[in-house]
>>> print(open('data10.txt').read())   # compact mmCIF, C-alpha atoms
# COMPACT_ATOMS: atom_id res chain seq x y z
CA MET A 26 -11.60 75.77 39.68
CA THR A 27 -9.05 74.60 37.17
CA ILE A 28 -9.44 71.51 35.03
CA ASP A 29 -6.37 69.44 34.40
CA THR A 30 -6.36 68.75 30.67
CA ALA A 31 -3.08 66.85 30.59
CA ALA A 32 -3.32 63.37 29.06
CA PRO A 33 -2.97 60.51 31.49
CA PRO A 34 0.42 58.73 31.35
CA LEU A 35 0.50 55.73 29.08
CA PRO A 36 1.04 52.37 30.76
CA ARG A 37 4.51 50.99 30.44
CA TYR A 38 4.95 47.59 28.95
CA ARG A 39 8.10 45.61 29.29
CA HIS A 40 9.43 44.84 25.82
CA GLU A 41 10.64 41.32 25.37
CA ALA A 42 12.53 40.25 22.30
CA PRO A 43 10.70 37.56 20.33
CA ASP A 44 13.90 35.59 19.96
CA SER A 45 14.44 35.39 23.72
CA MET A 46 10.85 34.24 24.19
CA GLN A 47 11.27 31.57 21.54
CA LEU A 48 14.53 30.43 23.09
CA ARG A 49 12.93 30.14 26.52
CA ASP A 50 10.07 28.16 25.01
CA VAL A 51 12.47 25.80 23.26
CA LEU A 52 14.51 25.29 26.42
CA ARG A 53 11.32 24.66 28.39
CA VAL A 54 10.14 22.06 25.88
CA ILE A 55 13.55 20.36 25.89
CA ARG A 56 13.58 20.30 29.67
CA ARG A 57 10.14 18.73 29.77
CA SER A 58 10.94 16.20 27.01
CA TRP A 59 14.45 15.19 28.04
CA LEU A 60 13.38 11.59 28.56
CA VAL A 61 12.07 11.35 24.98
CA ILE A 62 15.31 12.83 23.61
CA VAL A 63 17.54 10.50 25.62
CA ALA A 64 15.48 7.44 24.69
CA ALA A 65 15.53 8.31 20.97
CA VAL A 66 19.28 9.00 20.96
CA VAL A 67 20.07 5.77 22.80
CA ALA A 68 17.84 3.81 20.41
CA GLY A 69 19.52 5.43 17.38
CA LEU A 70 23.03 4.70 18.66
CA LEU A 71 22.05 1.13 19.48
CA ALA A 72 20.63 0.67 15.98
CA GLY A 73 23.88 2.00 14.46
CA TRP A 74 25.94 -0.40 16.55
CA LEU A 75 23.72 -3.38 15.65
CA VAL A 76 23.99 -2.55 11.94
CA THR A 77 27.78 -2.49 12.26
CA VAL A 78 27.85 -5.82 14.07
CA PHE A 79 25.51 -7.77 11.81
CA LEU A 80 26.36 -6.41 8.35
CA PRO A 81 29.00 -8.51 6.52
CA ASP A 82 32.48 -7.07 6.14
CA ARG A 83 33.27 -5.54 2.75
CA TYR A 84 36.73 -4.71 1.38
CA GLU A 85 37.35 -2.43 -1.60
CA THR A 86 40.19 -2.03 -4.07
CA GLU A 87 40.77 -0.22 -7.36
CA THR A 88 42.58 -0.78 -10.63
CA LYS A 89 43.09 1.57 -13.57
CA ILE A 90 43.19 0.69 -17.27
CA LEU A 91 44.58 3.03 -19.94
CA VAL A 92 42.83 2.71 -23.30
CA ASP A 93 45.22 3.57 -26.14
CA PRO A 94 45.00 3.63 -29.95
CA VAL A 95 47.19 1.28 -31.98
CA VAL A 96 48.05 1.90 -35.62
CA SER A 97 49.81 -0.65 -37.84
CA VAL A 98 52.34 0.71 -40.37
CA PRO A 99 52.57 -1.36 -43.58
CA VAL A 100 56.08 -2.56 -44.44
CA GLY A 101 57.62 -4.09 -47.55
CA VAL A 102 59.36 -7.42 -47.98
CA ASP A 103 62.67 -5.85 -46.95
CA GLY A 104 61.18 -4.58 -43.72
CA ALA A 105 61.16 -0.94 -44.82
CA ALA A 106 58.02 1.13 -44.54
CA VAL A 107 55.93 1.39 -47.68
CA ALA A 108 56.07 4.77 -49.42
CA GLY A 109 53.46 7.12 -48.02
CA ALA A 110 52.94 4.87 -45.01
CA ALA A 111 54.01 7.58 -42.56
CA GLY A 112 51.28 9.96 -43.69
CA ALA A 113 48.68 7.21 -43.69
CA ALA A 114 49.80 6.15 -40.22
CA ALA A 115 49.43 9.70 -38.92
CA GLU A 116 45.93 9.91 -40.35
CA ASN A 117 45.04 6.50 -38.94
CA LEU A 118 46.40 7.55 -35.54
CA SER A 119 44.12 10.57 -35.53
CA GLN A 120 41.17 8.34 -36.41
CA ALA A 121 42.18 5.84 -33.73
CA SER A 122 42.41 8.57 -31.07
CA ALA A 123 38.93 9.73 -32.00
CA LEU A 124 37.77 6.11 -31.83
CA VAL A 125 39.14 5.77 -28.28
CA ALA A 126 37.47 9.00 -27.16
CA ASP A 127 34.19 7.82 -28.66
CA ARG A 128 34.27 4.32 -27.17
CA VAL A 129 35.95 4.67 -23.78
CA GLU A 130 32.62 5.22 -21.99
CA THR A 131 31.31 2.07 -23.67
CA TYR A 132 34.34 0.12 -22.48
CA ALA A 133 33.72 1.31 -18.92
CA ALA A 134 30.10 0.13 -19.08
CA LEU A 135 31.30 -3.18 -20.54
CA ALA A 136 33.19 -3.90 -17.30
CA GLN A 137 29.85 -4.46 -15.55
CA THR A 138 28.44 -6.96 -18.04
CA PRO A 139 28.54 -10.78 -18.06
CA ALA A 140 30.80 -10.63 -21.14
CA VAL A 141 33.58 -9.38 -18.85
CA LEU A 142 32.50 -10.69 -15.45
CA ASP A 143 31.89 -14.33 -16.41
CA PRO A 144 35.44 -14.91 -17.80
CA ALA A 145 36.87 -13.13 -14.76
CA ILE A 146 34.91 -15.40 -12.41
CA ASP A 147 36.05 -18.49 -14.31
CA ALA A 148 39.70 -17.32 -14.28
CA ILE A 149 39.91 -17.31 -10.48
CA ASP A 150 37.22 -19.95 -9.90
CA ALA A 151 35.20 -17.57 -7.73
CA ASP A 152 32.04 -18.84 -6.10
CA VAL A 153 29.79 -16.01 -7.26
CA ALA A 154 27.44 -15.35 -10.16
CA SER A 155 27.96 -12.38 -12.46
CA THR A 156 24.44 -11.15 -11.62
CA ASP A 157 25.53 -10.86 -7.98
CA LEU A 158 29.03 -9.58 -8.71
CA VAL A 159 27.78 -6.69 -10.82
CA ASP A 160 26.49 -4.95 -7.68
CA ASN A 161 30.03 -4.96 -6.28
CA VAL A 162 31.76 -3.57 -9.38
CA THR A 163 31.82 0.02 -10.57
CA ALA A 164 33.70 1.37 -13.57
CA GLU A 165 33.99 4.99 -14.62
CA VAL A 166 36.18 7.04 -16.92
CA ILE A 167 38.42 9.59 -15.21
CA PRO A 168 37.38 12.99 -16.67
CA ARG A 169 39.42 14.29 -19.61
CA THR A 170 41.38 11.02 -19.88
CA SER A 171 41.02 7.61 -21.48
CA ILE A 172 41.67 5.86 -18.16
CA ILE A 173 38.99 3.56 -16.75
CA ASN A 174 38.90 3.28 -12.98
CA ILE A 175 37.44 -0.03 -11.78
CA THR A 176 36.38 -0.45 -8.14
CA VAL A 177 35.66 -3.91 -6.76
CA GLU A 178 34.18 -4.96 -3.41
CA ALA A 179 34.46 -8.42 -1.86
CA GLY A 180 34.15 -10.18 1.46
CA THR A 181 37.91 -10.57 1.97
CA PRO A 182 40.90 -8.40 0.98
CA THR A 183 42.42 -11.17 -1.16
CA ASN A 184 39.19 -11.83 -3.07
CA ALA A 185 38.82 -8.12 -3.80
CA ALA A 186 42.32 -7.90 -5.32
CA GLU A 187 41.95 -11.16 -7.28
CA LEU A 188 38.59 -10.12 -8.72
CA ALA A 189 39.93 -6.70 -9.70
CA ASN A 190 42.89 -8.30 -11.50
CA ALA A 191 40.68 -10.80 -13.31
CA ILE A 192 38.11 -8.17 -14.34
CA ALA A 193 40.86 -5.89 -15.68
CA ALA A 194 42.35 -8.72 -17.75
CA SER A 195 38.94 -9.75 -19.07
CA LEU A 196 38.07 -6.17 -20.00
CA ILE A 197 41.36 -5.71 -21.87
CA THR A 198 40.58 -8.89 -23.85
CA GLN A 199 37.20 -7.47 -24.80
CA ILE A 200 38.71 -4.10 -25.72
CA GLU A 201 41.39 -5.56 -27.98
CA GLY A 202 39.14 -8.12 -29.63
CA GLU A 203 40.43 -10.82 -31.95
CA ASP A 204 41.11 -8.92 -35.19
CA THR A 205 43.98 -6.74 -34.00
CA VAL A 206 46.34 -8.03 -36.71
CA ALA A 207 44.05 -7.62 -39.72
CA ASN A 208 42.79 -4.14 -38.83
CA PRO A 209 45.28 -1.24 -39.20
CA ILE A 210 43.40 0.78 -36.57
CA ASN A 211 42.97 -0.91 -33.20
CA VAL A 212 42.56 -0.17 -29.53
CA THR A 213 44.50 -1.69 -26.67
CA GLY A 214 44.21 -1.60 -22.89
CA THR A 215 47.01 -1.48 -20.33
CA VAL A 216 46.83 -1.78 -16.56
CA VAL A 217 48.49 1.39 -15.27
CA GLU A 218 47.58 0.83 -11.62
CA ALA A 219 47.33 -2.69 -10.29
CA PRO A 220 44.89 -3.39 -7.44
CA GLU A 221 46.29 -3.57 -3.93
CA ILE A 222 45.14 -5.90 -1.20
CA PRO A 223 43.12 -3.58 1.08
CA ASP A 224 43.99 -3.51 4.76
CA GLU A 225 40.96 -1.54 5.96
CA LEU A 226 37.24 -2.19 5.88
CA ALA A 227 35.18 -0.30 3.32
CA SER A 228 32.00 -1.10 5.22
CA PRO A 229 30.43 -1.27 7.70
CA LEU A 230 32.04 1.67 9.49
CA LEU A 231 31.18 1.96 13.19
CA LEU A 232 31.66 5.73 13.50
CA LEU A 233 29.61 6.47 10.39
CA ASN A 234 26.77 4.19 11.50
CA LEU A 235 26.77 5.72 14.99
CA LEU A 236 26.54 9.23 13.53
CA ILE A 237 23.67 8.18 11.27
CA GLY A 238 21.93 6.52 14.22
CA LEU A 239 22.40 9.68 16.30
CA ALA A 240 20.95 11.87 13.55
CA VAL A 241 17.95 9.57 13.08
CA GLY A 242 17.37 9.44 16.84
CA LEU A 243 17.40 13.23 17.13
CA LEU A 244 15.02 13.51 14.17
CA VAL A 245 12.59 11.04 15.74
CA ALA A 246 12.77 12.89 19.05
CA PHE A 247 12.06 16.19 17.30
CA LEU A 248 9.03 14.76 15.52
CA VAL A 249 7.67 13.25 18.74
CA ILE A 250 8.08 16.55 20.59
CA VAL A 251 6.40 18.52 17.79
CA VAL A 252 3.44 16.13 17.72
CA ARG A 253 3.08 16.25 21.52
CA GLN A 254 3.20 20.07 21.51
CA ALA A 255 0.59 20.22 18.73
CA LEU A 256 -1.72 17.88 20.62
CA ALA A 257 -1.25 19.82 23.86
CA THR A 258 -1.96 23.15 22.12
CA GLY A 259 -5.08 21.74 20.49
CA THR A 260 -6.35 20.42 23.82
CA ARG A 261 -5.84 23.80 25.55
CA GLY A 262 -7.62 25.59 22.69
CA ARG A 263 -10.89 23.69 23.19
>>> encode(input="data10.txt", output="structure tokens")
Amino acid sequence: MTIDTAAPPLPRYRHEAPDSMQLRDVLRVIRRSWLVIVAAVVAGLLAGWLVTVFLPDRYETETKILVDPVVSVPVGVDGAAVAGAAGAAAENLSQASALVADRVETYAALAQTPAVLDPAIDAIDADVASTDLVDNVTAEVIPRTSIINITVEAGTPTNAAELANAIAASLITQIEGEDTVANPINVTGTVVEAPEIPDELASPLLLLNLLIGLAVGLLVAFLVIVVRQALATGTRGR
């Protein structure tokens, strides 16, 4: 009698990739929760449309101001330059350029203060307070330049352009001050890009609001599905 000492064959298991299992699970959950997803997406799109309809129209325009140094050259009674004035003027110009570089950020911040906004409001007789207007005005220095870019928002295209013009003029007045004649080193401002009357809305934008509503709706649907799956798993584990 012979004894078979061979090891019994090992059972065969079908190998399934974890990724395919996860994908099937995700598709199964989506198929079961399609009503939640559709409802959340529709609600998000509706919210985006309602925001677009009920938010007030806003128009935006820009103007640019170049801040430049000004140096006065002393002259004699005959109108000729005083001896040594050229060298002094060159030195003063260097100091004035440094002054502009040092103060241009301050001038940009000044555009959003009542000292600039109040005279601009009075100049065009606008029906708005400077405390409210400041939220619709931004001013920033273009990098590596002495140009201040001012952006203004308003309810109508014409008001946006008028406010931008008035704010630029008021800021230039503040920049130049009142002692430009007495001081040999001064700073001046020049409008290098006048504001245009905008022909397109800055906000609200229907497409943007719909995309945001869609994203929020999908996020809400995802959270609802995750919570439902967690509750279902906890119930089965008891």
>>> residues_around(input="data10.txt", residues="Leu233 of chain A", least_positions_apart="5", cutoff="10 Å", atoms="only C-alpha atoms", output="list in words")
Gly73, Trp74, Thr77, Ser228, Gly238 and Leu239 of chain A
>>> closest_residue(input="data10.txt", among="A:Ala227, A:Ile200, A:Val241, A:Ala68", to="Leu91 of chain A", atoms="all atoms listed in the file")
A:Ile200
>>> atom_distance(input="data10.txt", atom1="atom CA of Pro223 of chain A", atom2="atom CA of Val177 of chain A")
10.8 Å
>>> closest_residue(input="data10.txt", among="A:Leu226, A:Ala240, A:Ala151, A:Val159", to="Glu187 of chain A", atoms="all atoms listed in the file")
A:Ala151
>>> closest_residue(input="data10.txt", among="A:Ile175, A:Leu124, A:Leu188, A:Leu135", to="Val216 of chain A", atoms="all atoms listed in the file")
A:Ile175
>>> residues_around(input="data10.txt", residues="Arg57 of chain A", least_positions_apart="6", cutoff="12 Å", atoms="only C-alpha atoms", output="list in words")
Asp50, Val51, Val63, Ile250, Arg253 and Gln254 of chain A
>>> atom_distance(input="data10.txt", atom1="atom CA of Val153 of chain A", atom2="atom CA of Ala185 of chain A")
12.5 Å
>>> atom_distance(input="data10.txt", atom1="atom CA of Ile237 of chain A", atom2="atom CA of Phe79 of chain A")
16.1 Å
>>> residues_around(input="data10.txt", residues="Val61 of chain A", least_positions_apart="6", cutoff="12 Å", atoms="all atoms listed in the file", output="list in words")
Val54, Ile55, Val67, Ala68, Gly242, Leu243, Leu244, Val245, Ala246, Phe247, Leu248, Val249, Ile250, Val251 and Arg253 of chain A
>>> closest_residue(input="data10.txt", among="A:Val212, A:Ala194, A:Leu75, A:Val125", to="Ala148 of chain A", atoms="all atoms listed in the file")
A:Ala194
>>> closest_residue(input="data10.txt", among="A:Thr86, A:Gln137, A:Ser58, A:Ser122", to="Thr170 of chain A", atoms="all atoms listed in the file")
A:Ser122
>>> closest_residue(input="data10.txt", among="A:Asn174, A:Gln120, A:Thr183, A:Thr258", to="Glu221 of chain A", atoms="all atoms listed in the file")
A:Thr183
>>> residues_around(input="data10.txt", residues="Glu225 of chain A", least_positions_apart="5", cutoff="10 Å", atoms="all atoms listed in the file", output="ChimeraX atom specification")
/A:83-85,182
>>> write_last_selection(input="data10.txt", atoms="C-alpha atoms", output="PDB file, in the coordinates of the input")
ATOM      1  CA  ARG A  83      33.270  -5.540   2.750  1.00  0.00           C
ATOM      2  CA  TYR A  84      36.730  -4.710   1.380  1.00  0.00           C
ATOM      3  CA  GLU A  85      37.350  -2.430  -1.600  1.00  0.00           C
ATOM      4  CA  PRO A 182      40.900  -8.400   0.980  1.00  0.00           C
TER       5      PRO A 182
END
>>> residues_around(input="data10.txt", residues="Ile197 of chain A", least_positions_apart="2", cutoff="9 Å", atoms="only C-alpha atoms", output="list in words")
Ile90, Val92, Ile192, Ala193, Ala194, Ser195, Gln199, Ile200, Glu201, Gly202, Thr213, Gly214, Thr215 and Val216 of chain A
